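Quick notes on the structure that follows.
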Amino acid sequence: MSATKIGSNQVESSVPRHAAAVPYPWPFDGDLRRQNTALVVIDMQTDFCGKGGYIDLLGYDISLTRACIEPIGRVLSTFRSRGMAVFHTREGHRPDLADLPENKRWRSRRAPSGVGIGDRGPCGRVLVRGEPGWEIIPELAPRSGEAIVDKPGKGSFCATDFELLLRLRGIRNLVLVGITTDVCVHTTMREANDRGFECIVLRDCCAATDPRNHDAALVMVTMQEGVFGAVSDSRALLEALP
Amino acid sequence: MARTIVKAEPDPIDIELDRTAVVMIDMQRDFLLPGGFGEALGNDVSRLNAAVGPCAKLLEAARAKGMLVVHTREGHRPDMTDAPKAKVERGAPTMRIGAEGPMGRILIRGEAGHDIVADLAPKAGEPVVDKPGKGAFYATDLQSILQNKGIENLIVCGVTTEVCVHTTVREANDRGYRCIVPGDCCASYFPEFHDVGLRMIKAQGGIFGWVSDSKRVLEALS
């Protein structure tokens with residue numbers, strides 16, 4: 001049994017440590033340490049859970065996507081207090097929309113409001129970097145030292161430096177939270193899984209615009225003995241966290 | 001759709017202007033200006049400056065044709081979480097990435113030395129791609145932008161020929177883009193590397209792309 005030094009005077013034992021999860025105790029090998037585990041808070045932006053944001057304009061009930069704010073806040077403060085890595089992502093586009101695919105814009109403009117990505121809404125230009133609606137909500141605002149990854153797509157690895165940041169920091173385990181479960185959380189989980197990261201998604205810390213999609217997306221993770229990783233909740237993860 | 005033929009080696013290349021972008025690599029103050037990081041390392045920056053005039057002419061012609069122009073900058077986040085240790089720890093400690101250099105912290109985004117020289121400053125609507133590595137495709141959104149704009153061909157200019165230009169051309173070539181490198185729009189601190197770098201691109205029937213020069217590209221755009 002080896003021991004890993006953390007900081008100047010703490011020693012972290014490599015005794016296997018798991019969080020209760022479905023379909024297997026996570027992580028697979030019990031290598032759950034402060035240094036190799038990161039929290040990834042996905043797209044907690046006004047556009048996805050705030051009044052006048054994109055999701056609100058699309059006519060969805062934002063109380064659904066807001067329900068995970070409080071549980072995420074608890075997990076976030078634990079990661080912070082333990083000095084563990086925290087990453088935030090934001091979906092959004094360059095102001096000139098050079099990174100916005102034509103079909104993504106076209107589809108977004110079919111909303112009843114007619115306000116699509118790049119158009120001006122109550123919270124500024126929808127999903128455009130630098131606009132109020134694109135900012136992370138104040139309850140979960142990033143702190144200094146927490147990397148923010150700006151992504152033009154659903155997945156956090158596509159067209160970003162996210163993987164580079166994770167590799168350089170020595171991260172192997174990812175705790176995924178945020179919105180929405182079936183879209184950006186799932187895409188990120190799939191990308192991460194294919195790259196060899198060990199992922200867990202916390203059911204009470206994510207949400208979808210349709211609860212059926214939230215449920216189905218979580219079931220999908222657990223198929224085939226955990227095809228994309230494992231599913232748990234904030235309580236079980238926090239109990240296991242070193 | 002406007003088509004043109006650019007005279008180049010190993011062969012002339014037929015391009016649609018709507019599907020062709022100019023990629024201006026790392027024409028940053030720290031690499032080019034006297035008193036910058038490049039010169040502080042003992043390099044002769046006049047060699048790099050020789051490419052500025054031809055690049056400016058090529059940019060002007062590309063803009064007049066309404067072609068997509070993309071600029072890249074090599075550099076890192078201020079907290080350097082995207083800077084590999086192996087990259088940072090090379091060279092004398094006072095001249096490392098993140099150290100206070102002649103024009104701000106060396107190769108750090110937001111610092112004066114990291115920005116593009118005035119003669120080649122990006123115009124509104126021209127994407128600027130910040131890259132942490134040598135290649136412009138690695139850990140960036142360049143490919144998304146090129147795809148969205150329907151780009152198939154790249155005219156790759158900038159510095160230095162054998163490092164960031166070459167890496168970007170190789171990445172682009174593997175991704176299916178046809179690359180034209182106008183030799184006088186690129187430069188290196190080491191003239192022999194510049195020359196051999198260009199030869200490598202056009203060897204074996206154009207294994208990485210086509211080599212031309214600003215005069216012949218301007219002819220094709222006129």
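By convention here, the chains of the structure tokens are called A, B, ... in the order presented, each chain's residues are numbered starting at 1, and ligands are numbered starting at 1 in the order presented.
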
| request: Using only C-alpha atoms, find the residues of chain A whose closest atom to chain B is at most 10 Å away, then write them as a PyMOL selection string. | output: chain A and resi 94-103+144-147+151-153+157-169

Please identify all polymer residues within 12 Å of Phe190 of chain B, counting only C-alpha atoms, omitting same-chain residues fewer than 3 positions from it, and present them as a CSV table (one decimal) with C-alpha atoms, in the first residue's frame.
chain,number,residue,atom,x,y,z
B,42,GLY,CA,18.9,36.0,-29.0
B,43,ASN,CA,17.0,35.6,-32.3
B,44,ASP,CA,17.3,37.9,-35.2
B,45,VAL,CA,13.7,39.2,-35.5
B,46,SER,CA,14.4,41.0,-38.8
B,47,ARG,CA,14.1,37.6,-40.4
B,48,LEU,CA,10.5,37.3,-39.2
B,159,VAL,CA,5.7,32.3,-38.1
B,160,THR,CA,7.7,30.3,-37.7
B,161,THR,CA,7.8,28.1,-40.8
B,162,GLU,CA,9.1,24.9,-39.2
B,163,VAL,CA,7.3,25.2,-35.9
B,186,CYS,CA,6.3,32.7,-43.6
B,187,ALA,CA,9.6,33.0,-41.8
B,193,PHE,CA,14.8,25.4,-41.4
B,194,HIS,CA,12.6,27.8,-43.4
B,195,ASP,CA,13.9,26.5,-46.7
B,196,VAL,CA,13.8,22.8,-45.7
B,197,GLY,CA,10.4,23.3,-44.1

| task | With a distance cut-off of 9 Å and only C-alpha atoms, select the neighbouring residues of Tyr24 of chain A, excluding the residue or stretch itself and same-chain residues fewer than 4 positions from it, and output the selection as a list in words. | result | Ala19, Ala20, Phe28, Thr222, Glu225, Gly226, Gly229, Ala230 and Val231 of chain A

Give me a file of those residues, with C-alpha atoms, as an mmCIF file, in the first residue's frame.
data_model
loop_
_atom_site.group_PDB
_atom_site.id
_atom_site.type_symbol
_atom_site.label_atom_id
_atom_site.label_comp_id
_atom_site.auth_asym_id
_atom_site.auth_seq_id
_atom_site.Cartn_x
_atom_site.Cartn_y
_atom_site.Cartn_z
ATOM 1 C CA ALA A 19 -19.107 6.023 -3.533
ATOM 2 C CA ALA A 20 -22.318 4.033 -3.501
ATOM 3 C CA PHE A 28 -14.229 1.212 -10.542
ATOM 4 C CA THR A 222 -26.256 2.235 -16.117
ATOM 5 C CA GLU A 225 -22.720 -2.639 -16.389
ATOM 6 C CA GLY A 226 -22.186 1.098 -16.692
ATOM 7 C CA GLY A 229 -19.884 5.237 -15.976
ATOM 8 C CA ALA A 230 -22.052 5.293 -12.866
ATOM 9 C CA VAL A 231 -25.032 7.142 -11.396
#

| task | Could you give me the residues within segment 30-221 of chain B that DSSP places in alpha helix (DSSP H), as number ranges by chain? | result | B: 30-32, 37-40, 46-49, 52-64, 85-88, 142-148, 166-174, 191-206, 214-221

Expected file: the selected residues, C-alpha atoms, as a PDB file, in the first residue's frame:
ATOM      1  CA  ASP B  30       6.654  38.882 -28.805  1.00  0.00           C
ATOM      2  CA  PHE B  31       7.906  36.925 -31.798  1.00  0.00           C
ATOM      3  CA  LEU B  32       8.355  39.819 -34.226  1.00  0.00           C
ATOM      4  CA  PHE B  37      10.603  37.808 -26.206  1.00  0.00           C
ATOM      5  CA  GLY B  38      11.964  36.370 -29.471  1.00  0.00           C
ATOM      6  CA  GLU B  39      14.765  38.895 -29.637  1.00  0.00           C
ATOM      7  CA  ALA B  40      15.479  38.517 -25.927  1.00  0.00           C
ATOM      8  CA  SER B  46      14.372  40.962 -38.769  1.00  0.00           C
ATOM      9  CA  ARG B  47      14.081  37.575 -40.436  1.00  0.00           C
ATOM     10  CA  LEU B  48      10.511  37.278 -39.195  1.00  0.00           C
ATOM     11  CA  ASN B  49       9.690  40.852 -40.067  1.00  0.00           C
ATOM     12  CA  VAL B  52       5.088  41.152 -42.610  1.00  0.00           C
ATOM     13  CA  GLY B  53       4.995  43.094 -45.894  1.00  0.00           C
ATOM     14  CA  PRO B  54       3.996  40.122 -48.077  1.00  0.00           C
ATOM     15  CA  CYS B  55       1.439  39.030 -45.458  1.00  0.00           C
ATOM     16  CA  ALA B  56      -0.101  42.512 -45.388  1.00  0.00           C
ATOM     17  CA  LYS B  57      -0.480  42.522 -49.175  1.00  0.00           C
ATOM     18  CA  LEU B  58      -1.987  39.066 -49.180  1.00  0.00           C
ATOM     19  CA  LEU B  59      -4.400  40.022 -46.385  1.00  0.00           C
ATOM     20  CA  GLU B  60      -5.496  43.089 -48.299  1.00  0.00           C
ATOM     21  CA  ALA B  61      -6.231  41.038 -51.415  1.00  0.00           C
ATOM     22  CA  ALA B  62      -8.054  38.318 -49.464  1.00  0.00           C
ATOM     23  CA  ARG B  63     -10.207  40.887 -47.676  1.00  0.00           C
ATOM     24  CA  ALA B  64     -11.035  42.579 -50.978  1.00  0.00           C
ATOM     25  CA  LYS B  85       5.205  21.555 -17.362  1.00  0.00           C
ATOM     26  CA  ALA B  86       7.472  20.122 -20.029  1.00  0.00           C
ATOM     27  CA  LYS B  87       6.894  23.254 -22.115  1.00  0.00           C
ATOM     28  CA  VAL B  88       7.212  25.740 -19.253  1.00  0.00           C
ATOM     29  CA  LEU B 142     -10.562  26.331 -35.462  1.00  0.00           C
ATOM     30  CA  GLN B 143     -11.997  23.252 -37.139  1.00  0.00           C
ATOM     31  CA  SER B 144     -15.546  24.166 -36.078  1.00  0.00           C
ATOM     32  CA  ILE B 145     -15.131  27.610 -37.590  1.00  0.00           C
ATOM     33  CA  LEU B 146     -13.728  26.242 -40.855  1.00  0.00           C
ATOM     34  CA  GLN B 147     -16.528  23.688 -41.100  1.00  0.00           C
ATOM     35  CA  ASN B 148     -19.211  26.284 -40.450  1.00  0.00           C
ATOM     36  CA  HIS B 166       4.372  23.346 -40.170  1.00  0.00           C
ATOM     37  CA  THR B 167       2.425  21.800 -37.302  1.00  0.00           C
ATOM     38  CA  THR B 168      -0.746  23.547 -38.422  1.00  0.00           C
ATOM     39  CA  VAL B 169      -0.264  22.484 -42.049  1.00  0.00           C
ATOM     40  CA  ARG B 170       0.261  18.890 -40.967  1.00  0.00           C
ATOM     41  CA  GLU B 171      -2.846  18.947 -38.748  1.00  0.00           C
ATOM     42  CA  ALA B 172      -4.889  20.542 -41.532  1.00  0.00           C
ATOM     43  CA  ASN B 173      -3.640  18.068 -44.121  1.00  0.00           C
ATOM     44  CA  ASP B 174      -4.624  15.101 -41.958  1.00  0.00           C
ATOM     45  CA  PRO B 191      16.752  30.333 -42.630  1.00  0.00           C
ATOM     46  CA  GLU B 192      17.860  26.770 -43.254  1.00  0.00           C
ATOM     47  CA  PHE B 193      14.800  25.448 -41.394  1.00  0.00           C
ATOM     48  CA  HIS B 194      12.572  27.782 -43.376  1.00  0.00           C
ATOM     49  CA  ASP B 195      13.947  26.456 -46.654  1.00  0.00           C
ATOM     50  CA  VAL B 196      13.815  22.813 -45.724  1.00  0.00           C
ATOM     51  CA  GLY B 197      10.398  23.296 -44.121  1.00  0.00           C
ATOM     52  CA  LEU B 198       8.991  24.484 -47.423  1.00  0.00           C
ATOM     53  CA  ARG B 199      10.685  21.660 -49.283  1.00  0.00           C
ATOM     54  CA  MET B 200       9.132  19.122 -46.950  1.00  0.00           C
ATOM     55  CA  ILE B 201       5.637  20.419 -47.687  1.00  0.00           C
ATOM     56  CA  LYS B 202       5.924  20.021 -51.438  1.00  0.00           C
ATOM     57  CA  ALA B 203       7.995  16.818 -51.478  1.00  0.00           C
ATOM     58  CA  GLN B 204       6.538  13.506 -52.669  1.00  0.00           C
ATOM     59  CA  GLY B 205       3.956  15.148 -54.894  1.00  0.00           C
ATOM     60  CA  GLY B 206       2.922  17.608 -52.187  1.00  0.00           C
ATOM     61  CA  SER B 214       2.748  36.056 -52.357  1.00  0.00           C
ATOM     62  CA  LYS B 215       3.288  37.239 -55.933  1.00  0.00           C
ATOM     63  CA  ARG B 216       1.661  34.168 -57.426  1.00  0.00           C
ATOM     64  CA  VAL B 217      -1.168  34.118 -54.878  1.00  0.00           C
ATOM     65  CA  LEU B 218      -1.871  37.800 -55.551  1.00  0.00           C
ATOM     66  CA  GLU B 219      -1.944  37.103 -59.288  1.00  0.00           C
ATOM     67  CA  ALA B 220      -4.506  34.402 -58.663  1.00  0.00           C
ATOM     68  CA  LEU B 221      -6.599  36.751 -56.536  1.00  0.00           C
TER      69      LEU B 221
END

| task | Have a look at A:Lys154, A:Gly116, A:Ser63, A:Leu202 and name the one nearest to Asp233 of chain A; count only C-alpha atoms. | result | A:Leu202
